[in-house]
file work_33.cif (mmCIF, C-alpha atoms, pLDDT in the B column; chains and numbers go by the auth columns)
data_data
loop_
_atom_site.group_PDB
_atom_site.id
_atom_site.type_symbol
_atom_site.label_atom_id
_atom_site.label_comp_id
_atom_site.label_asym_id
_atom_site.label_seq_id
_atom_site.Cartn_x
_atom_site.Cartn_y
_atom_site.Cartn_z
_atom_site.B_iso_or_equiv
_atom_site.auth_seq_id
_atom_site.auth_asym_id
ATOM 1 C CA MET A 1 -119.799 25.960 -27.939 80.00 3 A
ATOM 2 C CA LYS A 2 -121.633 22.811 -28.879 80.00 4 A
ATOM 3 C CA GLN A 3 -119.872 19.483 -29.274 79.00 5 A
ATOM 4 C CA GLU A 4 -120.323 19.477 -33.042 77.00 6 A
ATOM 5 C CA GLU A 5 -118.855 23.014 -33.237 77.00 7 A
ATOM 6 C CA VAL A 6 -115.527 22.131 -31.587 79.00 8 A
ATOM 7 C CA PRO A 7 -112.862 23.423 -33.997 75.00 9 A
ATOM 8 C CA GLN A 8 -110.839 20.884 -35.915 80.00 10 A
ATOM 9 C CA ASP A 9 -108.425 23.282 -37.624 76.00 11 A
ATOM 10 C CA LYS A 10 -104.886 22.307 -38.438 77.00 12 A
ATOM 11 C CA GLY A 11 -102.848 23.265 -35.386 68.00 13 A
ATOM 12 C CA ASN A 12 -99.628 22.555 -33.520 63.00 14 A
ATOM 13 C CA LEU A 13 -101.072 19.311 -32.187 57.00 15 A
ATOM 14 C CA SER A 14 -102.305 17.957 -35.520 57.00 16 A
ATOM 15 C CA ASN A 15 -98.722 17.478 -36.748 66.00 17 A
ATOM 16 C CA ASN A 16 -98.244 14.783 -34.107 69.00 18 A
ATOM 17 C CA ASN A 17 -101.703 13.194 -34.470 76.00 19 A
ATOM 18 C CA MET A 18 -102.532 14.518 -31.013 80.00 20 A
ATOM 19 C CA LYS A 19 -105.738 16.115 -29.851 83.00 21 A
ATOM 20 C CA GLU A 20 -106.578 18.603 -27.129 84.00 22 A
ATOM 21 C CA LEU A 21 -109.318 17.974 -24.602 86.00 23 A
ATOM 22 C CA VAL A 22 -111.830 20.851 -24.490 86.00 24 A
ATOM 23 C CA TYR A 23 -115.178 21.456 -22.854 90.00 25 A
ATOM 24 C CA ALA A 24 -118.321 21.674 -24.963 89.00 26 A
ATOM 25 C CA LEU A 25 -122.078 21.449 -24.551 88.00 27 A
ATOM 26 C CA ASP A 26 -123.869 18.256 -25.459 87.00 28 A
ATOM 27 C CA GLU A 27 -127.325 18.121 -27.062 87.00 29 A
ATOM 28 C CA LYS A 28 -128.970 18.519 -23.632 88.00 30 A
ATOM 29 C CA GLY A 29 -126.931 21.637 -22.781 87.00 31 A
ATOM 30 C CA ASN A 30 -124.708 19.866 -20.240 89.00 32 A
ATOM 31 C CA TYR A 31 -120.963 20.356 -20.178 91.00 33 A
ATOM 32 C CA THR A 32 -118.962 17.457 -21.536 90.00 34 A
ATOM 33 C CA THR A 33 -115.547 16.953 -23.077 89.00 35 A
ATOM 34 C CA ALA A 34 -114.587 16.772 -26.736 86.00 36 A
ATOM 35 C CA LEU A 35 -111.367 16.380 -28.692 87.00 37 A
ATOM 36 C CA SER A 36 -109.982 19.093 -30.969 84.00 38 A
ATOM 37 C CA THR A 37 -107.081 18.963 -33.405 82.00 39 A
ATOM 38 C CA GLY A 38 -106.626 22.724 -33.141 79.00 40 A
ATOM 39 C CA TRP A 39 -108.100 26.155 -33.488 80.00 41 A
ATOM 40 C CA GLU A 40 -106.527 28.587 -35.941 82.00 42 A
ATOM 41 C CA PRO A 41 -106.608 31.706 -33.690 84.00 43 A
ATOM 42 C CA LYS A 42 -104.985 29.751 -30.866 81.00 44 A
ATOM 43 C CA THR A 43 -102.329 28.377 -33.222 82.00 45 A
ATOM 44 C CA ILE A 44 -101.510 31.890 -34.470 86.00 46 A
ATOM 45 C CA ALA A 45 -101.262 33.236 -30.928 88.00 47 A
ATOM 46 C CA LEU A 46 -98.992 30.381 -29.808 85.00 48 A
ATOM 47 C CA THR A 47 -96.769 30.742 -32.872 86.00 49 A
ATOM 48 C CA ASN A 48 -96.407 34.496 -32.277 91.00 50 A
ATOM 49 C CA SER A 49 -95.626 33.889 -28.620 90.00 51 A
ATOM 50 C CA ILE A 50 -92.941 31.313 -29.429 91.00 52 A
ATOM 51 C CA GLU A 51 -91.380 33.645 -32.021 93.00 53 A
ATOM 52 C CA ASP A 52 -91.277 36.423 -29.413 95.00 54 A
ATOM 53 C CA ILE A 53 -89.595 34.122 -26.906 94.00 55 A
ATOM 54 C CA ASN A 54 -87.030 33.013 -29.499 95.00 56 A
ATOM 55 C CA GLU A 55 -86.212 36.663 -30.285 97.00 57 A
ATOM 56 C CA ARG A 56 -85.758 37.436 -26.584 96.00 58 A
ATOM 57 C CA VAL A 57 -83.485 34.402 -26.163 97.00 59 A
ATOM 58 C CA ALA A 58 -81.365 35.437 -29.173 97.00 60 A
ATOM 59 C CA PHE A 59 -81.091 39.000 -27.862 97.00 61 A
ATOM 60 C CA ALA A 60 -80.082 37.764 -24.395 97.00 62 A
ATOM 61 C CA LYS A 61 -77.479 35.460 -25.950 96.00 63 A
ATOM 62 C CA SER A 62 -75.939 38.349 -27.876 96.00 64 A
ATOM 63 C CA GLN A 63 -75.875 40.465 -24.702 96.00 65 A
ATOM 64 C CA VAL A 64 -73.973 37.733 -22.846 96.00 66 A
ATOM 65 C CA GLU A 65 -71.575 37.157 -25.742 94.00 67 A
ATOM 66 C CA ASN A 66 -70.888 40.931 -25.916 95.00 68 A
ATOM 67 C CA ASN A 67 -70.296 41.062 -22.142 95.00 69 A
ATOM 68 C CA GLU A 68 -73.312 43.359 -21.673 96.00 70 A
ATOM 69 C CA ALA A 69 -75.152 40.920 -19.401 97.00 71 A
ATOM 70 C CA SER A 70 -74.393 37.881 -17.273 97.00 72 A
ATOM 71 C CA PRO A 71 -75.419 34.355 -18.289 97.00 73 A
ATOM 72 C CA ILE A 72 -78.284 34.626 -15.801 98.00 74 A
ATOM 73 C CA VAL A 73 -80.147 36.814 -18.308 98.00 75 A
ATOM 74 C CA TYR A 74 -79.869 34.210 -21.063 97.00 76 A
ATOM 75 C CA PHE A 75 -80.880 31.219 -18.964 97.00 77 A
ATOM 76 C CA MET A 76 -83.746 33.182 -17.429 97.00 78 A
ATOM 77 C CA GLU A 77 -85.131 33.741 -20.942 97.00 79 A
ATOM 78 C CA VAL A 78 -84.489 30.150 -22.061 96.00 80 A
ATOM 79 C CA ASN A 79 -86.406 28.907 -19.018 96.00 81 A
ATOM 80 C CA ARG A 80 -89.245 31.393 -19.670 95.00 82 A
ATOM 81 C CA MET A 81 -88.811 33.127 -16.343 96.00 83 A
ATOM 82 C CA ASP A 82 -89.087 36.745 -15.327 96.00 84 A
ATOM 83 C CA ILE A 83 -87.222 38.446 -12.496 97.00 85 A
ATOM 84 C CA GLY A 84 -89.988 37.734 -9.985 97.00 86 A
ATOM 85 C CA ILE A 85 -90.096 34.032 -10.738 97.00 87 A
ATOM 86 C CA LEU A 86 -86.314 33.679 -10.738 98.00 88 A
ATOM 87 C CA ALA A 87 -86.027 35.630 -7.488 98.00 89 A
ATOM 88 C CA SER A 88 -88.496 33.277 -5.829 98.00 90 A
ATOM 89 C CA TYR A 89 -86.570 30.208 -7.057 97.00 91 A
ATOM 90 C CA VAL A 90 -83.235 31.465 -5.740 97.00 92 A
ATOM 91 C CA GLY A 91 -84.684 33.014 -2.579 97.00 93 A
ATOM 92 C CA MET A 92 -83.422 36.566 -3.172 97.00 94 A
ATOM 93 C CA TRP A 93 -84.908 40.003 -3.588 98.00 95 A
ATOM 94 C CA GLN A 94 -85.625 41.028 -7.182 98.00 96 A
ATOM 95 C CA TRP A 95 -83.266 44.007 -6.992 98.00 97 A
ATOM 96 C CA ARG A 96 -80.462 41.661 -5.971 97.00 98 A
ATOM 97 C CA VAL A 97 -81.147 39.274 -8.867 98.00 99 A
ATOM 98 C CA LYS A 98 -81.224 42.216 -11.261 98.00 100 A
ATOM 99 C CA ARG A 99 -77.854 43.352 -9.891 98.00 101 A
ATOM 100 C CA HIS A 100 -76.450 39.908 -10.738 98.00 102 A
ATOM 101 C CA PHE A 101 -77.306 40.604 -14.394 98.00 103 A
ATOM 102 C CA LYS A 102 -74.157 42.774 -14.542 97.00 104 A
ATOM 103 C CA PRO A 103 -71.175 40.730 -15.792 97.00 105 A
ATOM 104 C CA ARG A 104 -68.782 42.321 -13.284 97.00 106 A
ATOM 105 C CA VAL A 105 -71.066 41.544 -10.348 97.00 107 A
ATOM 106 C CA PHE A 106 -71.767 38.018 -11.620 97.00 108 A
ATOM 107 C CA ALA A 107 -68.036 37.296 -11.901 96.00 109 A
ATOM 108 C CA GLY A 108 -67.627 38.088 -8.196 96.00 110 A
ATOM 109 C CA LEU A 109 -70.445 35.864 -6.941 96.00 111 A
ATOM 110 C CA SER A 110 -69.616 33.022 -4.586 96.00 112 A
ATOM 111 C CA ASP A 111 -70.137 29.438 -5.694 95.00 113 A
ATOM 112 C CA LYS A 112 -72.937 29.189 -3.133 97.00 114 A
ATOM 113 C CA ILE A 113 -74.937 31.941 -4.858 97.00 115 A
ATOM 114 C CA VAL A 114 -74.079 30.734 -8.372 97.00 116 A
ATOM 115 C CA ASN A 115 -75.242 27.271 -7.327 97.00 117 A
ATOM 116 C CA LYS A 116 -78.689 28.704 -6.498 97.00 118 A
ATOM 117 C CA TYR A 117 -78.981 29.991 -10.062 98.00 119 A
ATOM 118 C CA ALA A 118 -77.519 26.796 -11.541 97.00 120 A
ATOM 119 C CA THR A 119 -80.058 24.725 -9.621 97.00 121 A
ATOM 120 C CA ALA A 120 -82.921 26.945 -10.789 97.00 122 A
ATOM 121 C CA PHE A 121 -81.768 26.534 -14.403 96.00 123 A
ATOM 122 C CA ASP A 122 -80.939 22.803 -14.028 96.00 124 A
ATOM 123 C CA LEU A 123 -77.276 23.427 -14.910 95.00 125 A
ATOM 124 C CA SER A 124 -73.913 22.793 -13.339 94.00 126 A
ATOM 125 C CA ILE A 125 -72.051 25.727 -11.819 94.00 127 A
ATOM 126 C CA GLU A 126 -69.388 25.359 -14.521 93.00 128 A
ATOM 127 C CA ASP A 127 -71.915 25.478 -17.361 93.00 129 A
ATOM 128 C CA LEU A 128 -73.467 28.621 -15.911 95.00 130 A
ATOM 129 C CA LYS A 129 -70.148 30.357 -15.254 93.00 131 A
ATOM 130 C CA ASN A 130 -68.717 29.390 -18.652 92.00 132 A
ATOM 131 C CA PHE A 131 -72.006 30.067 -20.456 88.00 133 A
ATOM 132 C CA LYS A 132 -72.430 26.606 -21.917 67.00 134 A
ATOM 133 C CA THR A 133 -75.861 26.210 -23.459 61.00 135 A
ATOM 134 C CA LYS A 134 -77.654 22.879 -23.376 53.00 136 A
#

call {"tool": "encode", "arguments": {"input": "work_33.cif", "output": "structure tokens"}}
result
Amino acid sequence: MKQEEVPQDKGNLSNNNMKELVYALDEKGNYTTALSTGWEPKTIALTNSIEDINERVAFAKSQVENNEASPIVYFMEVNRMDIGILASYVGMWQWRVKRHFKPRVFAGLSDKIVNKYATAFDLSIEDLKNFKTK
């Protein structure tokens, strides 16, 4: 798009008087940078994505509170991780991480293993074991 066509819609950034740096074409057809306050389709997509994440976090929290899942599930969602990412952070196979989602299995984990999860979530072992949210 051309520099003068860079969208200036009301977006998530405009609330804080911030602007996003985007690439655009100048009058000679060369790429240059321009500032944008937002673009409505992008704002809608981001809002929908954040709502989806919030729903997943709430569902994970209810699973932990109902003893259907371990706190790992909740903190994985809060930190916007999936099993693959979490497994790479804690240095374990995905199937093993998924097994730790079971409350009974989680309760039997050693402090050494729980510490790997706590470190990945930037929590203390106690906060993870006792399901204390930030």

call {"tool": "residues_near_point", "arguments": {"input": "work_33.cif", "point": "(-77.7, 37.8, -26.8)", "cutoff": "12 Å", "atoms": "only C-alpha atoms", "output": "number ranges by chain"}}
result
A: 56-77, 79-80, 133

call {"tool": "residues_around", "arguments": {"input": "work_33.cif", "residues": "Ile46 (chain A)", "least_positions_apart": "4", "cutoff": "12 Å", "atoms": "all atoms listed in the file", "output": "list in words"}}
result
Asp11, Lys12, Gly13, Asn14, Gly40, Trp41, Glu42, Asn50, Ser51, Ile52 and Glu53 of chain A

call {"tool": "closest_residue", "arguments": {"input": "work_33.cif", "among": "A:Asp113, A:Asp129, A:Asp54, A:Asn19", "to": "Ser38 (chain A)", "atoms": "all atoms listed in the file"}}
result
A:Asn19

call {"tool": "resolve_selection", "arguments": {"input": "work_33.cif", "expression": "the PyMOL selection byres ((chain A and resi 119) around 12)", "output": "compact mmCIF listing (two decimals) with C-alpha atoms, in the frame of the given file"}}
result
# COMPACT_ATOMS: atom_id res chain seq x y z
CA SER A 72 -74.39 37.88 -17.27
CA PRO A 73 -75.42 34.35 -18.29
CA ILE A 74 -78.28 34.63 -15.80
CA VAL A 75 -80.15 36.81 -18.31
CA TYR A 76 -79.87 34.21 -21.06
CA PHE A 77 -80.88 31.22 -18.96
CA MET A 78 -83.75 33.18 -17.43
CA ASN A 81 -86.41 28.91 -19.02
CA ILE A 87 -90.10 34.03 -10.74
CA LEU A 88 -86.31 33.68 -10.74
CA ALA A 89 -86.03 35.63 -7.49
CA SER A 90 -88.50 33.28 -5.83
CA TYR A 91 -86.57 30.21 -7.06
CA VAL A 92 -83.24 31.46 -5.74
CA GLY A 93 -84.68 33.01 -2.58
CA MET A 94 -83.42 36.57 -3.17
CA VAL A 99 -81.15 39.27 -8.87
CA HIS A 102 -76.45 39.91 -10.74
CA PHE A 103 -77.31 40.60 -14.39
CA PHE A 108 -71.77 38.02 -11.62
CA LEU A 111 -70.44 35.86 -6.94
CA SER A 112 -69.62 33.02 -4.59
CA ASP A 113 -70.14 29.44 -5.69
CA LYS A 114 -72.94 29.19 -3.13
CA ILE A 115 -74.94 31.94 -4.86
CA VAL A 116 -74.08 30.73 -8.37
CA ASN A 117 -75.24 27.27 -7.33
CA LYS A 118 -78.69 28.70 -6.50
CA ALA A 120 -77.52 26.80 -11.54
CA THR A 121 -80.06 24.72 -9.62
CA ALA A 122 -82.92 26.94 -10.79
CA PHE A 123 -81.77 26.53 -14.40
CA ASP A 124 -80.94 22.80 -14.03
CA LEU A 125 -77.28 23.43 -14.91
CA SER A 126 -73.91 22.79 -13.34
CA ILE A 127 -72.05 25.73 -11.82
CA GLU A 128 -69.39 25.36 -14.52
CA ASP A 129 -71.92 25.48 -17.36
CA LEU A 130 -73.47 28.62 -15.91
CA LYS A 131 -70.15 30.36 -15.25

call {"tool": "atom_distance", "arguments": {"input": "work_33.cif", "atom1": "CA of Arg101 (chain A)", "atom2": "CA of Ile55 (chain A)"}}
result
22.6 Å

call {"tool": "atom_distance", "arguments": {"input": "work_33.cif", "atom1": "CA of Ala36 (chain A)", "atom2": "CA of Thr49 (chain A)"}}
result
23.5 Å

call {"tool": "residues_near_point", "arguments": {"input": "work_33.cif", "point": "(-125.5, 26.6, -26.8)", "cutoff": "12 Å", "atoms": "all atoms listed in the file", "output": "PyMOL selection string"}}
result
chain A and resi 3-8+26-33

call {"tool": "closest_residue", "arguments": {"input": "work_33.cif", "among": "A:Lys104, A:Met20, A:Gln10, A:Met83", "to": "Lys44 (chain A)", "atoms": "only C-alpha atoms"}}
result
A:Gln10

call {"tool": "atom_distance", "arguments": {"input": "work_33.cif", "atom1": "CA of Asp84 (chain A)", "atom2": "CA of Trp97 (chain A)"}}
result
12.5 Å

call {"tool": "decode", "arguments": {"input": "work_33.cif", "residues": "region 47-85 of chain A", "atoms": "N, CA and C atoms", "output": "JSON list (two decimals), in the first residue's frame"}}
result
[["chain", "number", "residue", "atom", "x", "y", "z"],
["A", 47, "ALA", "N", -9.45, -9.11, 14.71],
["A", 47, "ALA", "CA", -8.78, -10.41, 14.83],
["A", 47, "ALA", "C", -8.08, -10.54, 16.18],
["A", 48, "LEU", "N", -7.38, -9.49, 16.61],
["A", 48, "LEU", "CA", -6.69, -9.53, 17.90],
["A", 48, "LEU", "C", -7.67, -9.65, 19.06],
["A", 49, "THR", "N", -8.76, -8.91, 18.99],
["A", 49, "THR", "CA", -9.78, -8.97, 20.04],
["A", 49, "THR", "C", -10.38, -10.37, 20.14],
["A", 50, "ASN", "N", -10.70, -10.97, 18.99],
["A", 50, "ASN", "CA", -11.24, -12.33, 18.99],
["A", 50, "ASN", "C", -10.23, -13.33, 19.55],
["A", 51, "SER", "N", -8.98, -13.15, 19.21],
["A", 51, "SER", "CA", -7.93, -14.04, 19.69],
["A", 51, "SER", "C", -7.78, -13.93, 21.21],
["A", 52, "ILE", "N", -7.80, -12.72, 21.73],
["A", 52, "ILE", "CA", -7.67, -12.51, 23.17],
["A", 52, "ILE", "C", -8.88, -13.08, 23.91],
["A", 53, "GLU", "N", -10.07, -12.93, 23.34],
["A", 53, "GLU", "CA", -11.28, -13.51, 23.95],
["A", 53, "GLU", "C", -11.18, -15.03, 24.00],
["A", 54, "ASP", "N", -10.66, -15.63, 22.93],
["A", 54, "ASP", "CA", -10.49, -17.08, 22.88],
["A", 54, "ASP", "C", -9.50, -17.54, 23.95],
["A", 55, "ILE", "N", -8.42, -16.82, 24.08],
["A", 55, "ILE", "CA", -7.42, -17.16, 25.11],
["A", 55, "ILE", "C", -8.02, -17.05, 26.50],
["A", 56, "ASN", "N", -8.78, -15.99, 26.75],
["A", 56, "ASN", "CA", -9.41, -15.81, 28.07],
["A", 56, "ASN", "C", -10.39, -16.93, 28.38],
["A", 57, "GLU", "N", -11.13, -17.40, 27.37],
["A", 57, "GLU", "CA", -12.04, -18.53, 27.57],
["A", 57, "GLU", "C", -11.27, -19.80, 27.90],
["A", 58, "ARG", "N", -10.17, -20.03, 27.20],
["A", 58, "ARG", "CA", -9.36, -21.22, 27.47],
["A", 58, "ARG", "C", -8.75, -21.18, 28.87],
["A", 59, "VAL", "N", -8.32, -20.00, 29.30],
["A", 59, "VAL", "CA", -7.76, -19.84, 30.65],
["A", 59, "VAL", "C", -8.84, -20.12, 31.69],
["A", 60, "ALA", "N", -10.04, -19.58, 31.50],
["A", 60, "ALA", "CA", -11.14, -19.79, 32.44],
["A", 60, "ALA", "C", -11.52, -21.27, 32.51],
["A", 61, "PHE", "N", -11.55, -21.94, 31.35],
["A", 61, "PHE", "CA", -11.88, -23.36, 31.33],
["A", 61, "PHE", "C", -10.80, -24.17, 32.05],
["A", 62, "ALA", "N", -9.54, -23.85, 31.82],
["A", 62, "ALA", "CA", -8.44, -24.55, 32.49],
["A", 62, "ALA", "C", -8.50, -24.32, 34.00],
["A", 63, "LYS", "N", -8.84, -23.11, 34.40],
["A", 63, "LYS", "CA", -8.95, -22.82, 35.84],
["A", 63, "LYS", "C", -10.04, -23.66, 36.48],
["A", 64, "SER", "N", -11.18, -23.77, 35.80],
["A", 64, "SER", "CA", -12.26, -24.59, 36.36],
["A", 64, "SER", "C", -11.87, -26.06, 36.41],
["A", 65, "GLN", "N", -11.11, -26.53, 35.43],
["A", 65, "GLN", "CA", -10.65, -27.93, 35.45],
["A", 65, "GLN", "C", -9.75, -28.18, 36.65],
["A", 66, "VAL", "N", -8.85, -27.25, 36.94],
["A", 66, "VAL", "CA", -7.95, -27.41, 38.08],
["A", 66, "VAL", "C", -8.73, -27.35, 39.39],
["A", 67, "GLU", "N", -9.65, -26.40, 39.49],
["A", 67, "GLU", "CA", -10.44, -26.25, 40.71],
["A", 67, "GLU", "C", -11.34, -27.47, 40.96],
["A", 68, "ASN", "N", -11.77, -28.15, 39.88],
["A", 68, "ASN", "CA", -12.61, -29.35, 40.01],
["A", 68, "ASN", "C", -11.79, -30.63, 40.05],
["A", 69, "ASN", "N", -10.47, -30.49, 40.19],
["A", 69, "ASN", "CA", -9.55, -31.62, 40.26],
["A", 69, "ASN", "C", -9.63, -32.53, 39.02],
["A", 70, "GLU", "N", -9.87, -31.91, 37.87],
["A", 70, "GLU", "CA", -9.90, -32.64, 36.60],
["A", 70, "GLU", "C", -8.58, -32.51, 35.85],
["A", 71, "ALA", "N", -7.77, -31.54, 36.26],
["A", 71, "ALA", "CA", -6.48, -31.30, 35.61],
["A", 71, "ALA", "C", -5.52, -30.71, 36.65],
["A", 72, "SER", "N", -4.24, -30.86, 36.38],
["A", 72, "SER", "CA", -3.23, -30.29, 37.27],
["A", 72, "SER", "C", -3.04, -28.81, 36.98],
["A", 73, "PRO", "N", -2.41, -28.09, 37.89],
["A", 73, "PRO", "CA", -2.16, -26.66, 37.66],
["A", 73, "PRO", "C", -1.31, -26.38, 36.41],
["A", 74, "ILE", "N", -0.60, -27.38, 35.94],
["A", 74, "ILE", "CA", 0.21, -27.20, 34.73],
["A", 74, "ILE", "C", -0.67, -26.75, 33.57],
["A", 75, "VAL", "N", -1.86, -27.31, 33.46],
["A", 75, "VAL", "CA", -2.78, -26.97, 32.37],
["A", 75, "VAL", "C", -3.13, -25.48, 32.42],
["A", 76, "TYR", "N", -3.46, -24.99, 33.60],
["A", 76, "TYR", "CA", -3.83, -23.59, 33.75],
["A", 76, "TYR", "C", -2.67, -22.66, 33.38],
["A", 77, "PHE", "N", -1.50, -22.91, 33.98],
["A", 77, "PHE", "CA", -0.38, -22.00, 33.74],
["A", 77, "PHE", "C", 0.14, -22.10, 32.31],
["A", 78, "MET", "N", -0.04, -23.24, 31.68],
["A", 78, "MET", "CA", 0.31, -23.37, 30.27],
["A", 78, "MET", "C", -0.56, -22.43, 29.44],
["A", 79, "GLU", "N", -1.85, -22.39, 29.74],
["A", 79, "GLU", "CA", -2.77, -21.50, 29.01],
["A", 79, "GLU", "C", -2.47, -20.03, 29.31],
["A", 80, "VAL", "N", -2.26, -19.70, 30.58],
["A", 80, "VAL", "CA", -1.98, -18.32, 30.97],
["A", 80, "VAL", "C", -0.73, -17.81, 30.25],
["A", 81, "ASN", "N", 0.25, -18.68, 30.09],
["A", 81, "ASN", "CA", 1.50, -18.29, 29.44],
["A", 81, "ASN", "C", 1.48, -18.50, 27.93],
["A", 82, "ARG", "N", 0.29, -18.79, 27.39],
["A", 82, "ARG", "CA", 0.07, -18.93, 25.94],
["A", 82, "ARG", "C", 1.03, -19.95, 25.32],
["A", 83, "MET", "N", 1.11, -21.09, 25.99],
["A", 83, "MET", "CA", 1.96, -22.18, 25.50],
["A", 83, "MET", "C", 1.08, -23.32, 25.02],
["A", 84, "ASP", "N", 1.65, -24.18, 24.19],
["A", 84, "ASP", "CA", 1.02, -25.44, 23.88],
["A", 84, "ASP", "C", 1.93, -26.54, 24.42],
["A", 85, "ILE", "N", 1.52, -27.78, 24.25],
["A", 85, "ILE", "CA", 2.30, -28.89, 24.82],
["A", 85, "ILE", "C", 3.72, -28.91, 24.25]]
